[in-house]
Amino acid sequence: MRLLIVKLNQFALSDGFIKTNKFQTLLSTHSSLVTVCENINGLYSLQILIILSSIFVLSTSNLYYVILKTIEMINLRSFSQMDMFLMNCYRIVVRAYEVWTMVTSCVCMQDQAAEFNTLLYQLMIDDKTNDISNNKKLRLHISMKREVVFTACGFFPLDYTLVHSVDDRRCYNLLGNLDTVR
């Protein structure tokens, strides 16, 4: 996707005259890459949903254990089972990294597809010869503006709002559970 953006930028930096056959090749390549992204999302969305659900449950339980052990260590001044405490802290960090990596990869791909569409629209505006405006295939591609969206079986998009939602829900669950400990 990054290579397409570079090639499209080369068109934008030229003297305003665009060869429509090269332009159509870029558009068909972009369309193929968007289709591949949609297929990948379809193939792995159930797996992503299961992985994210298990990460949420496991990291919430590990965080609950860490909080309880922290309270116990403070109150009793006992540092027994420090290895279990550190292992659960490590698990929380690793699971957070897994979610962050997955979301960052999806957002990066979505941003690159959106950048390609933006550059394409800008080229259409800057076109001095009106080759893009007169070409029906190019106008259709610009008007369709296919976007890349990764989801977990359509339940929620894989973007940074997912990270915030998971953190908020985890805190809500922990506060509810800690309220019963008192």
# chains A, B, ... in the order shown; residues from 1 in each chain; ligands from 1
>>> residues_around(residues="Val66 (chain A)", least_positions_apart="5", cutoff="7 Å", atoms="only C-alpha atoms", output="list in words")
Phe85, Asn88 and Cys89 of chain A
>>> residues_around(residues="Val163 (chain A)", least_positions_apart="4", cutoff="10 Å", atoms="only C-alpha atoms", output="VMD selection string")
chain A and resid 96 99 to 100 103 158 to 159 167 to 168
>>> write_last_selection(atoms="all heavy atoms", output="mmCIF file, in the first residue's frame")
data_model
loop_
_atom_site.group_PDB
_atom_site.id
_atom_site.type_symbol
_atom_site.label_atom_id
_atom_site.label_comp_id
_atom_site.auth_asym_id
_atom_site.auth_seq_id
_atom_site.Cartn_x
_atom_site.Cartn_y
_atom_site.Cartn_z
ATOM 1 N N ALA A 96 -1.379 -6.778 26.910
ATOM 2 C CA ALA A 96 -1.610 -5.405 26.449
ATOM 3 C C ALA A 96 -0.816 -5.143 25.171
ATOM 4 O O ALA A 96 -1.321 -4.492 24.236
ATOM 5 C CB ALA A 96 -1.232 -4.413 27.543
ATOM 6 N N VAL A 99 -2.605 -6.793 22.133
ATOM 7 C CA VAL A 99 -3.743 -5.999 21.650
ATOM 8 C C VAL A 99 -3.247 -4.755 20.921
ATOM 9 O O VAL A 99 -3.735 -4.414 19.844
ATOM 10 C CB VAL A 99 -4.684 -5.626 22.817
ATOM 11 C CG1 VAL A 99 -5.739 -4.636 22.368
ATOM 12 C CG2 VAL A 99 -5.338 -6.867 23.392
ATOM 13 N N TRP A 100 -2.276 -4.075 21.509
ATOM 14 C CA TRP A 100 -1.753 -2.856 20.903
ATOM 15 C C TRP A 100 -1.152 -3.140 19.530
ATOM 16 O O TRP A 100 -1.361 -2.369 18.586
ATOM 17 C CB TRP A 100 -0.713 -2.222 21.831
ATOM 18 C CG TRP A 100 -0.259 -0.896 21.341
ATOM 19 C CD1 TRP A 100 0.884 -0.606 20.658
ATOM 20 C CD2 TRP A 100 -0.961 0.340 21.474
ATOM 21 N NE1 TRP A 100 0.939 0.736 20.371
ATOM 22 C CE2 TRP A 100 -0.188 1.336 20.862
ATOM 23 C CE3 TRP A 100 -2.166 0.695 22.062
ATOM 24 C CZ2 TRP A 100 -0.571 2.660 20.810
ATOM 25 C CZ3 TRP A 100 -2.543 2.016 22.012
ATOM 26 C CH2 TRP A 100 -1.755 2.984 21.394
ATOM 27 N N VAL A 103 -4.017 -3.884 16.968
ATOM 28 C CA VAL A 103 -4.762 -2.675 16.633
ATOM 29 C C VAL A 103 -3.912 -1.724 15.803
ATOM 30 O O VAL A 103 -4.387 -1.147 14.815
ATOM 31 C CB VAL A 103 -5.273 -1.995 17.931
ATOM 32 C CG1 VAL A 103 -5.760 -0.595 17.665
ATOM 33 C CG2 VAL A 103 -6.381 -2.827 18.553
ATOM 34 N N LEU A 158 -11.450 -2.806 14.794
ATOM 35 C CA LEU A 158 -10.123 -2.923 15.401
ATOM 36 C C LEU A 158 -9.390 -1.601 15.212
ATOM 37 O O LEU A 158 -8.650 -1.406 14.252
ATOM 38 C CB LEU A 158 -9.337 -4.071 14.772
ATOM 39 C CG LEU A 158 -9.930 -5.453 14.967
ATOM 40 C CD1 LEU A 158 -9.120 -6.488 14.211
ATOM 41 C CD2 LEU A 158 -10.019 -5.806 16.423
ATOM 42 N N ASP A 159 -9.639 -0.692 16.128
ATOM 43 C CA ASP A 159 -8.954 0.594 16.128
ATOM 44 C C ASP A 159 -8.688 0.996 17.573
ATOM 45 O O ASP A 159 -8.918 0.227 18.493
ATOM 46 C CB ASP A 159 -9.737 1.654 15.362
ATOM 47 C CG ASP A 159 -11.143 1.846 15.890
ATOM 48 O OD1 ASP A 159 -11.476 1.294 16.950
ATOM 49 O OD2 ASP A 159 -11.921 2.573 15.236
ATOM 50 N N ASP A 167 -10.018 -1.173 28.207
ATOM 51 C CA ASP A 167 -9.483 -0.654 29.468
ATOM 52 C C ASP A 167 -10.593 -0.134 30.376
ATOM 53 O O ASP A 167 -10.583 -0.378 31.583
ATOM 54 C CB ASP A 167 -8.460 0.450 29.212
ATOM 55 C CG ASP A 167 -7.161 -0.088 28.649
ATOM 56 O OD1 ASP A 167 -6.937 -1.312 28.750
ATOM 57 O OD2 ASP A 167 -6.377 0.711 28.102
ATOM 58 N N ASP A 168 -11.555 0.577 29.800
ATOM 59 C CA ASP A 168 -12.666 1.085 30.607
ATOM 60 C C ASP A 168 -13.483 -0.043 31.213
ATOM 61 O O ASP A 168 -13.835 -0.017 32.390
ATOM 62 C CB ASP A 168 -13.580 1.979 29.757
ATOM 63 C CG ASP A 168 -12.921 3.280 29.368
ATOM 64 O OD1 ASP A 168 -11.899 3.633 29.988
ATOM 65 O OD2 ASP A 168 -13.435 3.942 28.443
#
>>> closest_residue(among="A:Ile92, A:Leu86, A:Val148, A:Leu140", to="Thr35 (chain A)", atoms="only C-alpha atoms")
A:Val148
>>> residues_around(residues="Ile55 (chain A)", least_positions_apart="6", cutoff="10 Å", atoms="only C-alpha atoms", output="NGL selection string")
:A and (49 or 61 or 91-92 or 94-96 or 98-99 or 166)
>>> residues_around(residues="Lys137 (chain A)", least_positions_apart="6", cutoff="10 Å", atoms="only C-alpha atoms", output="compact mmCIF listing (two decimals) with N, CA, C and O atoms, in the first residue's frame")
# COMPACT_ATOMS: atom_id res chain seq x y z
N GLN A 24 -4.74 4.06 -14.14
CA GLN A 24 -5.70 2.96 -14.01
C GLN A 24 -5.04 1.72 -13.42
O GLN A 24 -5.67 0.98 -12.67
N LEU A 27 -4.94 2.28 -9.76
CA LEU A 27 -6.27 2.12 -9.18
C LEU A 27 -6.68 0.66 -9.08
O LEU A 27 -7.26 0.24 -8.07
N SER A 143 -15.51 7.94 -6.78
CA SER A 143 -16.81 8.08 -6.12
C SER A 143 -17.10 6.91 -5.18
O SER A 143 -17.76 7.08 -4.16
>>> residues_around(residues="Lys145 (chain A)", least_positions_apart="5", cutoff="12 Å", atoms="only C-alpha atoms", output="NGL selection string")
:A and (27 or 30-31 or 34 or 113-121 or 138-140)
>>> select_by_dssp(residues="region 6-173 of chain A", states="alpha helix (DSSP H)", output="PyMOL selection string")
chain A and resi 6-13+20-76+82-126+131-134+136-144+160-173
>>> atom_distance(atom1="CA of Met84 (chain A)", atom2="CA of Leu162 (chain A)")
28.7 Å
>>> residues_around(residues="Leu43 (chain A)", least_positions_apart="4", cutoff="12 Å", atoms="only C-alpha atoms", output="VMD selection string")
chain A and resid 36 to 39 47 to 49 150 to 153
>>> write_last_selection(atoms="N, CA and C atoms", output="mmCIF file, in the first residue's frame")
data_model
loop_
_atom_site.group_PDB
_atom_site.id
_atom_site.type_symbol
_atom_site.label_atom_id
_atom_site.label_comp_id
_atom_site.auth_asym_id
_atom_site.auth_seq_id
_atom_site.Cartn_x
_atom_site.Cartn_y
_atom_site.Cartn_z
ATOM 1 N N VAL A 36 -8.104 -7.773 -0.968
ATOM 2 C CA VAL A 36 -7.299 -8.707 -0.173
ATOM 3 C C VAL A 36 -7.470 -8.422 1.323
ATOM 4 N N CYS A 37 -7.471 -7.147 1.699
ATOM 5 C CA CYS A 37 -7.670 -6.778 3.112
ATOM 6 C C CYS A 37 -9.040 -7.226 3.604
ATOM 7 N N GLU A 38 -10.068 -7.061 2.760
ATOM 8 C CA GLU A 38 -11.411 -7.512 3.134
ATOM 9 C C GLU A 38 -11.450 -9.032 3.296
ATOM 10 N N ASN A 39 -10.764 -9.748 2.416
ATOM 11 C CA ASN A 39 -10.717 -11.213 2.521
ATOM 12 C C ASN A 39 -9.973 -11.665 3.775
ATOM 13 N N GLN A 47 -11.245 -15.622 14.596
ATOM 14 C CA GLN A 47 -10.054 -15.880 15.395
ATOM 15 C C GLN A 47 -9.674 -14.637 16.203
ATOM 16 N N ILE A 48 -9.765 -13.474 15.603
ATOM 17 C CA ILE A 48 -9.452 -12.234 16.308
ATOM 18 C C ILE A 48 -10.435 -12.005 17.448
ATOM 19 N N LEU A 49 -11.714 -12.295 17.213
ATOM 20 C CA LEU A 49 -12.717 -12.137 18.270
ATOM 21 C C LEU A 49 -12.416 -13.059 19.446
ATOM 22 N N PHE A 150 -11.133 -3.174 9.501
ATOM 23 C CA PHE A 150 -10.956 -4.472 10.127
ATOM 24 C C PHE A 150 -11.877 -4.563 11.335
ATOM 25 N N THR A 151 -12.606 -5.670 11.432
ATOM 26 C CA THR A 151 -13.503 -5.873 12.569
ATOM 27 C C THR A 151 -13.312 -7.277 13.124
ATOM 28 N N ALA A 152 -13.860 -7.494 14.309
ATOM 29 C CA ALA A 152 -13.879 -8.828 14.904
ATOM 30 C C ALA A 152 -15.285 -9.372 14.716
ATOM 31 N N CYS A 153 -15.503 -10.052 13.615
ATOM 32 C CA CYS A 153 -16.809 -10.607 13.231
ATOM 33 C C CYS A 153 -17.893 -9.540 13.148
#
>>> atom_distance(atom1="CA of Leu63 (chain A)", atom2="CA of Val93 (chain A)")
10.1 Å
>>> atom_distance(atom1="CA of Ile71 (chain A)", atom2="CA of Phe56 (chain A)")
22.4 Å
>>> closest_residue(among="A:Leu26, A:Ile67, A:Val149, A:Leu52", to="Cys171 (chain A)", atoms="only C-alpha atoms")
A:Ile67
>>> decode(residues="region 109-171 of chain A", atoms="C-alpha atoms", output="mmCIF file, in the first residue's frame")
data_model
loop_
_atom_site.group_PDB
_atom_site.id
_atom_site.type_symbol
_atom_site.label_atom_id
_atom_site.label_comp_id
_atom_site.auth_asym_id
_atom_site.auth_seq_id
_atom_site.Cartn_x
_atom_site.Cartn_y
_atom_site.Cartn_z
ATOM 1 C CA MET A 109 -3.412 -0.273 6.943
ATOM 2 C CA GLN A 110 -6.643 1.724 7.215
ATOM 3 C CA ASP A 111 -4.721 5.012 7.280
ATOM 4 C CA GLN A 112 -2.688 4.093 4.210
ATOM 5 C CA ALA A 113 -5.832 3.239 2.236
ATOM 6 C CA ALA A 114 -7.428 6.520 3.315
ATOM 7 C CA GLU A 115 -4.268 8.426 2.343
ATOM 8 C CA PHE A 116 -4.364 6.856 -1.115
ATOM 9 C CA ASN A 117 -7.975 7.965 -1.567
ATOM 10 C CA THR A 118 -7.141 11.486 -0.400
ATOM 11 C CA LEU A 119 -4.203 11.777 -2.807
ATOM 12 C CA LEU A 120 -6.348 10.440 -5.619
ATOM 13 C CA TYR A 121 -9.007 13.047 -4.958
ATOM 14 C CA GLN A 122 -6.334 15.769 -4.804
ATOM 15 C CA LEU A 123 -4.946 14.617 -8.160
ATOM 16 C CA MET A 124 -8.415 14.857 -9.655
ATOM 17 C CA ILE A 125 -8.712 18.445 -8.421
ATOM 18 C CA ASP A 126 -5.214 19.391 -9.676
ATOM 19 C CA ASP A 127 -5.623 17.712 -13.085
ATOM 20 C CA LYS A 128 -5.103 20.411 -15.735
ATOM 21 C CA THR A 129 -6.078 18.246 -18.690
ATOM 22 C CA ASN A 130 -9.286 16.843 -17.138
ATOM 23 C CA ASP A 131 -8.199 13.316 -18.058
ATOM 24 C CA ILE A 132 -9.382 11.995 -14.700
ATOM 25 C CA SER A 133 -12.693 13.851 -14.791
ATOM 26 C CA ASN A 134 -13.441 12.603 -18.289
ATOM 27 C CA ASN A 135 -12.494 8.964 -17.605
ATOM 28 C CA LYS A 136 -15.577 7.095 -16.347
ATOM 29 C CA LYS A 137 -13.605 4.297 -14.659
ATOM 30 C CA LEU A 138 -11.475 6.751 -12.709
ATOM 31 C CA ARG A 139 -14.502 8.815 -11.654
ATOM 32 C CA LEU A 140 -16.280 5.649 -10.538
ATOM 33 C CA HIS A 141 -13.301 4.571 -8.445
ATOM 34 C CA ILE A 142 -13.080 7.985 -6.818
ATOM 35 C CA SER A 143 -16.806 8.082 -6.116
ATOM 36 C CA MET A 144 -16.838 4.546 -4.628
ATOM 37 C CA LYS A 145 -13.952 5.397 -2.278
ATOM 38 C CA ARG A 146 -13.474 1.900 -0.880
ATOM 39 C CA GLU A 147 -12.155 1.951 2.664
ATOM 40 C CA VAL A 148 -10.363 -0.727 4.620
ATOM 41 C CA VAL A 149 -12.062 -1.604 7.909
ATOM 42 C CA PHE A 150 -10.956 -4.472 10.127
ATOM 43 C CA THR A 151 -13.503 -5.873 12.569
ATOM 44 C CA ALA A 152 -13.879 -8.828 14.904
ATOM 45 C CA CYS A 153 -16.809 -10.607 13.231
ATOM 46 C CA GLY A 154 -18.480 -7.244 12.767
ATOM 47 C CA PHE A 155 -18.930 -6.771 16.538
ATOM 48 C CA PHE A 156 -16.428 -3.947 16.898
ATOM 49 C CA PRO A 157 -13.783 -2.284 14.733
ATOM 50 C CA LEU A 158 -10.123 -2.923 15.401
ATOM 51 C CA ASP A 159 -8.954 0.594 16.128
ATOM 52 C CA TYR A 160 -7.766 2.613 19.094
ATOM 53 C CA THR A 161 -11.293 2.975 20.470
ATOM 54 C CA LEU A 162 -11.135 -0.769 21.128
ATOM 55 C CA VAL A 163 -8.140 -0.296 23.418
ATOM 56 C CA HIS A 164 -9.933 2.423 25.361
ATOM 57 C CA SER A 165 -13.164 0.415 25.589
ATOM 58 C CA VAL A 166 -11.365 -2.680 26.857
ATOM 59 C CA ASP A 167 -9.483 -0.654 29.468
ATOM 60 C CA ASP A 168 -12.666 1.085 30.607
ATOM 61 C CA ARG A 169 -14.585 -2.178 30.910
ATOM 62 C CA ARG A 170 -11.710 -3.852 32.739
ATOM 63 C CA CYS A 171 -11.578 -1.008 35.281
#
